[in-house]
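Structure file coords-v8.cif (mmCIF, C-alpha atoms) is printed below.
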```cif
data_my_file
#
loop_
_atom_site.group_PDB
_atom_site.id
_atom_site.type_symbol
_atom_site.label_atom_id
_atom_site.label_comp_id
_atom_site.auth_asym_id
_atom_site.auth_seq_id
_atom_site.Cartn_x
_atom_site.Cartn_y
_atom_site.Cartn_z
ATOM 1 C CA MET A 1 91.524 62.674 66.397
ATOM 2 C CA ALA A 2 92.839 65.377 68.662
ATOM 3 C CA GLU A 3 94.358 67.132 65.662
ATOM 4 C CA GLN A 4 91.073 68.536 64.506
ATOM 5 C CA PHE A 5 90.619 70.414 67.798
ATOM 6 C CA ALA A 6 94.128 71.733 68.301
ATOM 7 C CA THR A 7 94.713 74.991 66.480
ATOM 8 C CA PRO A 8 98.321 75.216 65.468
ATOM 9 C CA PRO A 9 99.903 78.523 66.413
ATOM 10 C CA THR A 10 100.189 80.842 63.442
ATOM 11 C CA ARG A 11 103.549 82.270 64.442
ATOM 12 C CA PRO A 12 106.618 80.610 65.923
ATOM 13 C CA LEU A 13 107.387 81.334 69.560
ATOM 14 C CA GLU A 14 110.707 82.944 68.648
ATOM 15 C CA SER A 15 108.944 85.686 66.724
ATOM 16 C CA TYR A 16 107.511 87.037 69.995
ATOM 17 C CA LEU A 17 110.802 87.225 71.839
ATOM 18 C CA GLU A 18 111.823 90.739 70.895
ATOM 19 C CA LEU A 19 108.474 92.122 71.995
ATOM 20 C CA ILE A 20 108.432 90.086 75.214
ATOM 21 C CA GLU A 21 111.900 91.386 76.021
ATOM 22 C CA ARG A 22 110.959 94.988 75.295
ATOM 23 C CA ILE A 23 107.767 94.922 77.399
ATOM 24 C CA LEU A 24 109.458 93.138 80.279
ATOM 25 C CA LYS A 25 112.339 95.628 80.365
ATOM 26 C CA GLU A 26 109.892 98.510 80.403
ATOM 27 C CA VAL A 27 107.819 96.988 83.246
ATOM 28 C CA LEU A 28 110.928 96.232 85.327
ATOM 29 C CA ARG A 29 112.221 99.759 84.783
ATOM 30 C CA ALA A 30 108.926 101.488 85.568
ATOM 31 C CA GLY A 31 108.440 99.353 88.687
ATOM 32 C CA ARG A 32 112.048 99.930 89.756
ATOM 33 C CA PHE A 33 112.580 96.232 90.160
ATOM 34 C CA GLU A 34 116.231 95.310 90.565
ATOM 35 C CA LEU A 35 116.110 92.339 88.254
ATOM 36 C CA SER A 36 117.927 91.299 85.144
ATOM 37 C CA PHE A 37 116.925 88.424 82.896
ATOM 38 C CA THR A 38 118.259 86.177 80.197
ATOM 39 C CA ILE A 39 116.220 84.049 77.831
ATOM 40 C CA VAL A 40 117.505 80.502 77.672
ATOM 41 C CA ARG A 41 116.405 77.225 76.098
ATOM 42 C CA GLY A 42 114.643 74.876 78.490
ATOM 43 C CA THR A 43 116.519 71.706 79.427
ATOM 44 C CA PRO A 44 114.133 68.735 79.530
ATOM 45 C CA GLY A 45 114.215 66.805 82.824
ATOM 46 C CA GLU A 46 113.894 63.005 82.970
ATOM 47 C CA ASP A 47 110.192 62.775 83.738
ATOM 48 C CA GLU A 48 109.184 66.210 82.511
ATOM 49 C CA PRO A 49 108.295 65.795 78.859
ATOM 50 C CA GLU A 50 106.588 69.155 78.826
ATOM 51 C CA THR A 51 109.572 71.322 79.563
ATOM 52 C CA PRO A 52 109.038 74.783 78.126
ATOM 53 C CA GLU A 53 111.153 75.571 75.088
ATOM 54 C CA LEU A 54 112.151 78.939 76.407
ATOM 55 C CA VAL A 55 112.787 80.152 79.915
ATOM 56 C CA VAL A 56 113.016 83.784 80.945
ATOM 57 C CA ASP A 57 115.444 83.440 83.807
ATOM 58 C CA PHE A 58 115.649 86.225 86.394
ATOM 59 C CA ALA A 59 118.489 87.171 88.707
ATOM 60 C CA GLY A 60 119.273 90.139 90.903
ATOM 61 C CA PRO A 61 118.560 91.656 94.309
ATOM 62 C CA ASP A 62 114.772 91.335 93.870
ATOM 63 C CA ALA A 63 114.818 87.661 92.879
ATOM 64 C CA ASP A 64 113.503 86.683 96.329
ATOM 65 C CA LEU A 65 110.594 89.072 95.930
ATOM 66 C CA LEU A 66 109.615 87.236 92.720
ATOM 67 C CA LEU A 67 109.209 83.960 94.567
ATOM 68 C CA GLU A 68 107.291 85.092 97.644
ATOM 69 C CA LYS A 69 103.776 83.699 98.120
ATOM 70 C CA ASN A 70 104.356 80.757 95.805
ATOM 71 C CA GLY A 71 105.864 82.820 93.044
ATOM 72 C CA ALA A 72 103.045 85.377 92.940
ATOM 73 C CA LEU A 73 105.119 88.150 91.353
ATOM 74 C CA LEU A 74 106.862 85.751 88.965
ATOM 75 C CA ASN A 75 103.507 84.411 87.754
ATOM 76 C CA ALA A 76 101.957 87.874 87.556
ATOM 77 C CA LEU A 77 104.832 89.211 85.445
ATOM 78 C CA GLU A 78 104.683 86.168 83.206
ATOM 79 C CA TYR A 79 100.954 86.492 82.633
ATOM 80 C CA VAL A 80 100.887 90.244 82.051
ATOM 81 C CA VAL A 81 103.934 90.311 79.786
ATOM 82 C CA LEU A 82 102.817 87.352 77.645
ATOM 83 C CA ARG A 83 99.318 88.860 77.347
ATOM 84 C CA ALA A 84 100.785 92.216 76.407
ATOM 85 C CA ALA A 85 102.945 90.536 73.763
ATOM 86 C CA ARG A 86 99.677 89.053 72.359
ATOM 87 C CA LEU A 87 101.097 85.567 72.698
ATOM 88 C CA GLU A 88 98.671 83.009 71.296
ATOM 89 C CA GLU A 89 97.016 80.779 73.886
ATOM 90 C CA GLU A 90 98.577 77.687 72.337
ATOM 91 C CA LEU A 91 102.043 79.027 73.084
ATOM 92 C CA PHE A 92 101.491 79.971 76.736
ATOM 93 C CA GLY A 93 102.919 76.729 78.147
ATOM 94 C CA ARG A 94 105.969 76.842 75.909
ATOM 95 C CA ILE A 95 107.639 79.818 77.510
ATOM 96 C CA THR A 96 107.948 80.309 81.215
ATOM 97 C CA PHE A 97 109.439 82.779 83.677
ATOM 98 C CA ASP A 98 111.728 81.326 86.307
ATOM 99 C CA SER A 99 114.427 82.188 88.808
ATOM 100 C CA ASN A 100 116.920 79.957 90.603
ATOM 101 C CA ASP A 101 115.200 76.816 89.305
ATOM 102 C CA TRP A 102 112.165 77.651 91.348
ATOM 103 C CA ARG A 103 109.673 75.998 88.974
ATOM 104 C CA SER A 104 111.260 72.569 89.210
ATOM 105 C CA LEU A 105 111.678 72.855 92.999
ATOM 106 C CA ARG A 106 108.043 73.841 93.275
ATOM 107 C CA ALA A 107 107.024 70.904 91.066
ATOM 108 C CA GLU A 108 108.864 68.502 93.372
ATOM 109 C CA GLU A 109 107.137 70.068 96.365
ATOM 110 C CA LEU A 110 103.736 69.706 94.687
ATOM 111 C CA LYS A 111 104.332 66.057 93.819
ATOM 112 C CA LEU A 112 105.314 65.328 97.399
ATOM 113 C CA THR A 113 102.250 67.159 98.745
ATOM 114 C CA ALA A 114 100.049 65.266 96.286
ATOM 115 C CA ARG A 115 101.401 61.899 97.382
ATOM 116 C CA ILE A 116 101.009 62.666 101.089
ATOM 117 C CA ALA A 117 97.442 63.870 100.530
ATOM 118 C CA ALA A 118 96.659 60.785 98.437
ATOM 119 C CA GLU A 119 97.868 58.502 101.219
ATOM 120 C CA ARG A 120 95.520 60.256 103.579
ATOM 121 C CA VAL A 121 92.600 59.839 101.183
ATOM 122 C CA ILE A 122 93.370 56.139 100.829
ATOM 123 C CA GLU A 123 93.481 55.784 104.628
ATOM 124 C CA THR A 124 90.355 57.737 105.455
ATOM 125 C CA GLY A 125 88.295 57.422 102.287
ATOM 126 C CA ASP A 126 87.432 61.105 102.595
ATOM 127 C CA PRO A 127 88.093 63.527 99.749
ATOM 128 C CA PHE A 128 90.915 65.995 100.323
ATOM 129 C CA ALA A 129 91.105 69.452 98.733
ATOM 130 C CA LEU A 130 94.512 70.957 98.057
ATOM 131 C CA GLN A 131 95.221 74.696 98.088
ATOM 132 C CA PRO A 132 93.994 76.710 95.073
ATOM 133 C CA MET A 133 96.553 76.518 92.275
ATOM 134 C CA SER A 134 97.209 77.698 88.749
ATOM 135 C CA ALA A 135 96.326 75.407 85.845
ATOM 136 C CA ARG A 136 99.978 74.522 85.437
ATOM 137 C CA GLU A 137 100.339 73.486 89.069
ATOM 138 C CA ARG A 138 97.075 71.535 89.083
ATOM 139 C CA ARG A 139 98.333 69.649 86.079
ATOM 140 C CA ILE A 140 101.470 68.625 87.964
ATOM 141 C CA VAL A 141 99.271 67.245 90.753
ATOM 142 C CA HIS A 142 96.946 65.360 88.361
ATOM 143 C CA LEU A 143 99.928 63.791 86.607
ATOM 144 C CA ALA A 144 101.651 62.908 89.876
ATOM 145 C CA LEU A 145 98.651 60.814 90.932
ATOM 146 C CA ARG A 146 97.674 59.489 87.525
ATOM 147 C CA ASP A 147 99.270 56.100 88.113
ATOM 148 C CA LEU A 148 97.729 55.636 91.543
ATOM 149 C CA PRO A 149 94.571 53.573 90.940
ATOM 150 C CA ALA A 150 93.295 53.990 94.515
ATOM 151 C CA VAL A 151 92.531 57.685 93.994
ATOM 152 C CA ARG A 152 91.137 59.941 91.331
ATOM 153 C CA THR A 153 91.671 63.671 91.046
ATOM 154 C CA ALA A 154 89.361 66.428 89.879
ATOM 155 C CA SER A 155 89.706 70.193 89.575
ATOM 156 C CA GLU A 156 86.893 71.978 91.372
ATOM 157 C CA GLY A 157 85.943 75.620 91.921
ATOM 158 C CA ALA A 158 86.310 78.588 89.572
ATOM 159 C CA GLY A 159 88.945 81.134 88.711
ATOM 160 C CA ALA A 160 91.615 81.834 91.312
ATOM 161 C CA ASP A 161 89.887 79.424 93.712
ATOM 162 C CA ARG A 162 90.172 76.406 91.462
ATOM 163 C CA LYS A 163 91.806 73.536 93.279
ATOM 164 C CA VAL A 164 92.545 69.855 92.940
ATOM 165 C CA VAL A 165 90.367 67.559 95.026
ATOM 166 C CA ILE A 166 91.630 64.040 95.582
ATOM 167 C CA HIS A 167 88.891 61.414 95.910
ATOM 168 C CA SER A 168 89.037 57.789 96.837
ATOM 169 C CA ALA A 169 88.561 55.727 93.686
ATOM 170 C CA SER A 170 86.370 53.219 95.523
ATOM 171 C CA PRO A 171 83.638 55.272 97.204
ATOM 172 C CA PRO A 172 80.623 53.636 98.825
ATOM 173 C CA ARG A 173 78.459 52.818 95.840
ATOM 174 C CA ARG A 174 75.098 53.138 97.585
ATOM 175 C CA ARG A 175 73.807 55.796 95.218
ATOM 176 C CA ARG A 176 74.749 54.175 91.957
ATOM 177 C CA MET B 177 103.935 103.837 90.521
ATOM 178 C CA LYS B 178 101.806 105.831 88.109
ATOM 179 C CA GLU B 179 104.502 105.125 85.564
ATOM 180 C CA LEU B 180 104.369 101.395 86.261
ATOM 181 C CA ILE B 181 100.622 101.169 85.713
ATOM 182 C CA GLU B 182 100.910 103.302 82.583
ATOM 183 C CA ALA B 183 103.648 101.075 81.206
ATOM 184 C CA ILE B 184 101.666 97.880 81.828
ATOM 185 C CA ALA B 185 98.327 99.264 80.623
ATOM 186 C CA LYS B 186 99.836 100.751 77.457
ATOM 187 C CA ALA B 187 101.442 97.426 76.616
ATOM 188 C CA LEU B 188 98.142 95.570 77.099
ATOM 189 C CA VAL B 189 95.675 97.773 75.235
ATOM 190 C CA ASP B 190 95.045 98.495 71.558
ATOM 191 C CA ASN B 191 94.744 102.240 72.192
ATOM 192 C CA PRO B 192 97.757 103.192 74.296
ATOM 193 C CA ASP B 193 97.179 106.919 73.759
ATOM 194 C CA GLN B 194 93.878 106.556 75.652
ATOM 195 C CA VAL B 195 95.511 105.252 78.823
ATOM 196 C CA GLN B 196 95.214 107.596 81.788
ATOM 197 C CA VAL B 197 96.406 106.977 85.315
ATOM 198 C CA ARG B 198 95.501 109.333 88.135
ATOM 199 C CA PRO B 199 97.032 108.852 91.578
ATOM 200 C CA VAL B 200 94.747 109.733 94.506
ATOM 201 C CA GLU B 201 96.901 109.978 97.601
ATOM 202 C CA GLY B 202 95.374 108.911 100.864
ATOM 203 C CA GLU B 203 96.967 108.724 104.276
ATOM 204 C CA GLN B 204 97.714 105.023 104.173
ATOM 205 C CA VAL B 205 97.077 104.070 100.617
ATOM 206 C CA THR B 206 97.516 105.643 97.238
ATOM 207 C CA VAL B 207 94.761 104.714 94.835
ATOM 208 C CA LEU B 208 95.756 104.614 91.183
ATOM 209 C CA GLU B 209 92.764 105.195 88.978
ATOM 210 C CA LEU B 210 93.197 103.643 85.574
ATOM 211 C CA ARG B 211 91.127 104.720 82.623
ATOM 212 C CA VAL B 212 91.345 103.036 79.228
ATOM 213 C CA HIS B 213 89.370 103.183 75.998
ATOM 214 C CA PRO B 214 86.074 101.314 76.608
ATOM 215 C CA SER B 215 86.966 98.681 74.011
ATOM 216 C CA ASP B 216 90.186 97.947 75.928
ATOM 217 C CA LEU B 217 88.557 97.250 79.299
ATOM 218 C CA GLY B 218 88.649 93.507 78.729
ATOM 219 C CA LYS B 219 92.360 93.698 77.947
ATOM 220 C CA VAL B 220 93.219 95.169 81.368
ATOM 221 C CA ILE B 221 90.738 93.033 83.296
ATOM 222 C CA GLY B 222 91.203 89.709 81.559
ATOM 223 C CA LYS B 223 89.381 86.407 81.842
ATOM 224 C CA GLN B 224 87.906 86.089 85.331
ATOM 225 C CA GLY B 225 89.862 89.210 86.238
ATOM 226 C CA ARG B 226 93.186 87.445 85.926
ATOM 227 C CA THR B 227 94.991 90.288 84.175
ATOM 228 C CA ALA B 228 93.776 92.860 86.712
ATOM 229 C CA ARG B 229 94.782 90.556 89.539
ATOM 230 C CA SER B 230 98.254 90.138 88.056
ATOM 231 C CA ILE B 231 98.663 93.907 87.642
ATOM 232 C CA ARG B 232 97.692 94.339 91.307
ATOM 233 C CA THR B 233 100.269 91.762 92.367
ATOM 234 C CA ILE B 234 102.993 93.598 90.437
ATOM 235 C CA LEU B 235 101.850 96.921 91.892
ATOM 236 C CA GLY B 236 101.825 95.492 95.413
ATOM 237 C CA ALA B 237 105.357 94.140 95.059
ATOM 238 C CA ALA B 238 106.702 97.387 93.623
ATOM 239 C CA GLY B 239 104.991 99.298 96.444
ATOM 240 C CA MET B 240 106.470 96.997 99.045
ATOM 241 C CA LYS B 241 109.932 98.057 97.943
ATOM 242 C CA LEU B 242 108.938 101.663 98.655
ATOM 243 C CA LYS B 243 107.170 100.613 101.863
ATOM 244 C CA LYS B 244 103.957 102.123 100.569
ATOM 245 C CA ARG B 245 100.576 100.689 99.768
ATOM 246 C CA PHE B 246 98.961 101.162 96.409
ATOM 247 C CA THR B 247 95.688 99.915 95.059
ATOM 248 C CA LEU B 248 94.505 99.848 91.499
ATOM 249 C CA GLU B 249 91.056 100.935 90.516
ATOM 250 C CA ILE B 250 89.947 100.339 86.973
ATOM 251 C CA LEU B 251 87.336 102.923 86.025
ATOM 252 C CA GLU B 252 84.619 102.113 83.527
#
```

Encoding of this model in structure tokens:
Amino acid sequence: MAEQFATPPTRPLESYLELIERILKEVLRAGRFELSFTIVRGTPGEDEPETPELVVDFAGPDADLLLEKNGALLNALEYVVLRAARLEEELFGRITFDSNDWRSLRAEELKLTARIAAERVIETGDPFALQPMSARERRIVHLALRDLPAVRTASEGAGADRKVVIHSASPPRRRR
Amino acid sequence: MKELIEAIAKALVDNPDQVQVRPVEGEQVTVLELRVHPSDLGKVIGKQGRTARSIRTILGAAGMKLKKRFTLEILE
């Protein structure tokens, strides 16, 4: 029944590409960023069914700058440029900005962090809050722990402070 | 940097001809005052301020390359 809630996008993703490219070039030029980019098709990984269809892949002397502070500049450029291109919400996950495979490396790091934190929750029984993350990163964490029945995950907090909290699935049931 | 904020703001808003950026140079920091058409305020601020925060991140990174600090002020 999910169909009745999901609004299909009215335009194909490809139809936004020219505009995305134009805005991005202009922002890179005005900010004097030494970056070039190519738009490539995403290659689905084994356990990543949600690989974006299109990847804006950056290279150049400022590529390191893009990835500092957990990809802050990369994410900021992605958000601003896709907003400016008036990309429909439904299409936001289907195109992503990346450089040097950073997104998949980051995903591996998040999964590892999630598992280590989950082990700790199982040991201690205490909830454990991870660092604040974007919706996309929180999703990676939720999925990484989905098959672990001993814990449950929840997103808590608002806006930029929203984070995944891992709880023990078998809390003391006194209050229920 | 004025040019950077103008480029981003003009791409985001519906009334690009109403975008004005005024740099106010301080000793340590240059403040960039951004003015847009009132109906476009939401476009530069975004849900929970996410667009404004992203613009500030881009501005900060571009400023770092010049070894200067810039802050963005969105005027209402």

Apply the PyMOL selection byres ((chain B and resi 177-190) around 8) to the structure shown and report the selected residues as a ChimeraX atom specification. /A:23,26-27,30-31,80,83-85 /B:191-193,195-199,208,210,212,216,219-220,231,235,238-239

Answer key for the PyMOL selection byres ((chain A) within 12 of (chain B)), residues as a ChimeraX atom specification: /A:19-20,22-35,61-69,71-87,134,158-162

Figure out the distance between CA of Thr38 (chain A) and CA of Val141 (chain A), please, to one decimal in Å.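 Separation of CA of Val141 (chain A) and CA of Thr38 (chain A): 28.8 Å.
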
Step by step, work through what the PyMOL selection byres ((chain A and resi 57) around 10) selects in the shown file, and finish by giving those residues as a list of chain:residue names. A:Leu35, A:Ser36, A:Phe37, A:Thr38, A:Ile39, A:Val40, A:Arg41, A:Leu54, A:Val55, A:Val56, A:Phe58, A:Ala59, A:Thr96, A:Phe97, A:Asp98, A:Ser99, A:Asn100, A:Asp101

Can you pull out every residue within 8 Å of Arg94 (chain A), counting all atoms listed in the file, but drop anything in the same chain fewer than 5 positions away, and send it as a list in words? Leu13, Thr51, Pro52, Glu53 and Leu54 of chain A

Selection from above, C-alpha atoms, as an mmCIF file, keeping the file's coordinate frame, can you write it?
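Okay, part_34.cif is ready:
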```cif
data_model
loop_
_atom_site.group_PDB
_atom_site.id
_atom_site.type_symbol
_atom_site.label_atom_id
_atom_site.label_comp_id
_atom_site.auth_asym_id
_atom_site.auth_seq_id
_atom_site.Cartn_x
_atom_site.Cartn_y
_atom_site.Cartn_z
ATOM 1 C CA LEU A 13 107.387 81.334 69.560
ATOM 2 C CA THR A 51 109.572 71.322 79.563
ATOM 3 C CA PRO A 52 109.038 74.783 78.126
ATOM 4 C CA GLU A 53 111.153 75.571 75.088
ATOM 5 C CA LEU A 54 112.151 78.939 76.407
#
```

Quote the spacing between CA of Phe128 (chain A) and CA of His167 (chain A) in Å to one decimal place. 6.7 Å

note - CA of Glu108 (chain A) and CA of Leu143 (chain A) are separated by 12.2 Å

Residues near Thr206 (chain B), cut-off 10 Å, only C-alpha atoms, skip fewer than 3 positions along chain, as an MDAnalysis selection string: chainID B and resid 177 199:203 209 239 244:248

Take the residues from that selection and write them out as a compact mmCIF listing (two decimals), in the coordinates of the input, keeping C-alpha atoms.
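Result saved to out_38.txt:
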```txt
# COMPACT_ATOMS: atom_id res chain seq x y z
CA MET B 177 103.94 103.84 90.52
CA PRO B 199 97.03 108.85 91.58
CA VAL B 200 94.75 109.73 94.51
CA GLU B 201 96.90 109.98 97.60
CA GLY B 202 95.37 108.91 100.86
CA GLU B 203 96.97 108.72 104.28
CA GLU B 209 92.76 105.20 88.98
CA GLY B 239 104.99 99.30 96.44
CA LYS B 244 103.96 102.12 100.57
CA ARG B 245 100.58 100.69 99.77
CA PHE B 246 98.96 101.16 96.41
CA THR B 247 95.69 99.92 95.06
CA LEU B 248 94.50 99.85 91.50
```

Show me, as lines of an AutoDock Vina configuration file, the centre and edge lengths in Å to one decimal of the axis-aligned box that covers every listed atom of region 231-246 of chain B with 8 Å on each side.
```
center_x = 103.8
center_y = 96.9
center_z = 94.8
size_x = 28.2
size_y = 26.4
size_z = 30.2
```

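Between Val151 (chain A) and the candidates A:Ala107, A:Ala129, A:Leu112, A:Ile166, the tightest atom-to-atom separation, counting only C-alpha atoms, involves A:Ile166.
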
If we count only C-alpha atoms, what is near Pro8 (chain A) at a cut-off of 10 Å, once residues fewer than 6 positions away on the same chain are taken out, given as a PyMOL selection string? chain A and resi 88+90-91

Kindly add N, CA, C and O atoms to the incomplete region 208-227 of chain B and provide the output as a short mmCIF file (atom, residue, chain, number, x, y, z; two decimals), in the frame of the given file.
```
data_model
loop_
_atom_site.label_atom_id
_atom_site.label_comp_id
_atom_site.auth_asym_id
_atom_site.auth_seq_id
_atom_site.Cartn_x
_atom_site.Cartn_y
_atom_site.Cartn_z
N LEU B 208 95.44 104.25 92.56
CA LEU B 208 95.76 104.61 91.18
C LEU B 208 94.53 104.32 90.33
O LEU B 208 94.13 103.16 90.21
N GLU B 209 93.96 105.37 89.82
CA GLU B 209 92.76 105.20 88.98
C GLU B 209 93.19 105.04 87.52
O GLU B 209 93.80 105.95 86.96
N LEU B 210 92.82 103.92 86.96
CA LEU B 210 93.20 103.64 85.57
C LEU B 210 91.98 103.78 84.67
O LEU B 210 90.92 103.22 84.93
N ARG B 211 92.16 104.55 83.63
CA ARG B 211 91.13 104.72 82.62
C ARG B 211 91.68 104.28 81.27
O ARG B 211 92.79 104.70 80.91
N VAL B 212 90.92 103.45 80.57
CA VAL B 212 91.34 103.04 79.23
C VAL B 212 90.17 103.22 78.27
O VAL B 212 89.04 103.45 78.71
N HIS B 213 90.44 103.14 76.99
CA HIS B 213 89.37 103.18 76.00
C HIS B 213 88.39 102.05 76.31
O HIS B 213 88.82 100.94 76.63
N PRO B 214 87.06 102.34 76.23
CA PRO B 214 86.07 101.31 76.61
C PRO B 214 86.30 99.96 75.93
O PRO B 214 86.11 98.91 76.56
N SER B 215 86.76 99.96 74.71
CA SER B 215 86.97 98.68 74.01
C SER B 215 88.18 97.92 74.56
O SER B 215 88.37 96.76 74.24
N ASP B 216 88.99 98.59 75.36
CA ASP B 216 90.19 97.95 75.93
C ASP B 216 89.98 97.44 77.35
O ASP B 216 90.90 96.87 77.94
N LEU B 217 88.79 97.65 77.90
CA LEU B 217 88.56 97.25 79.30
C LEU B 217 88.87 95.77 79.53
O LEU B 217 89.53 95.41 80.51
N GLY B 218 88.41 94.94 78.60
CA GLY B 218 88.65 93.51 78.73
C GLY B 218 90.13 93.17 78.75
O GLY B 218 90.56 92.23 79.40
N LYS B 219 90.91 93.96 78.03
CA LYS B 219 92.36 93.70 77.95
C LYS B 219 93.05 93.93 79.28
O LYS B 219 94.03 93.28 79.60
N VAL B 220 92.57 94.91 80.07
CA VAL B 220 93.22 95.17 81.37
C VAL B 220 92.57 94.36 82.50
O VAL B 220 93.17 94.21 83.56
N ILE B 221 91.39 93.84 82.26
CA ILE B 221 90.74 93.03 83.30
C ILE B 221 91.04 91.55 83.09
O ILE B 221 91.45 90.87 84.02
N GLY B 222 90.86 91.09 81.86
CA GLY B 222 91.20 89.71 81.56
C GLY B 222 90.12 88.72 81.95
O GLY B 222 89.16 89.06 82.62
N LYS B 223 90.33 87.47 81.53
CA LYS B 223 89.38 86.41 81.84
C LYS B 223 89.31 86.20 83.34
O LYS B 223 90.34 85.98 83.97
N GLN B 224 88.12 86.25 83.87
CA GLN B 224 87.91 86.09 85.33
C GLN B 224 88.79 87.05 86.12
O GLN B 224 89.21 86.74 87.23
N GLY B 225 89.10 88.18 85.52
CA GLY B 225 89.86 89.21 86.24
C GLY B 225 91.33 88.88 86.44
O GLY B 225 92.03 89.53 87.22
N ARG B 226 91.82 87.91 85.68
CA ARG B 226 93.19 87.44 85.93
C ARG B 226 94.24 88.51 85.60
O ARG B 226 95.25 88.64 86.31
N THR B 227 94.01 89.25 84.53
CA THR B 227 94.99 90.29 84.18
C THR B 227 95.01 91.37 85.25
O THR B 227 96.09 91.76 85.72
#
```
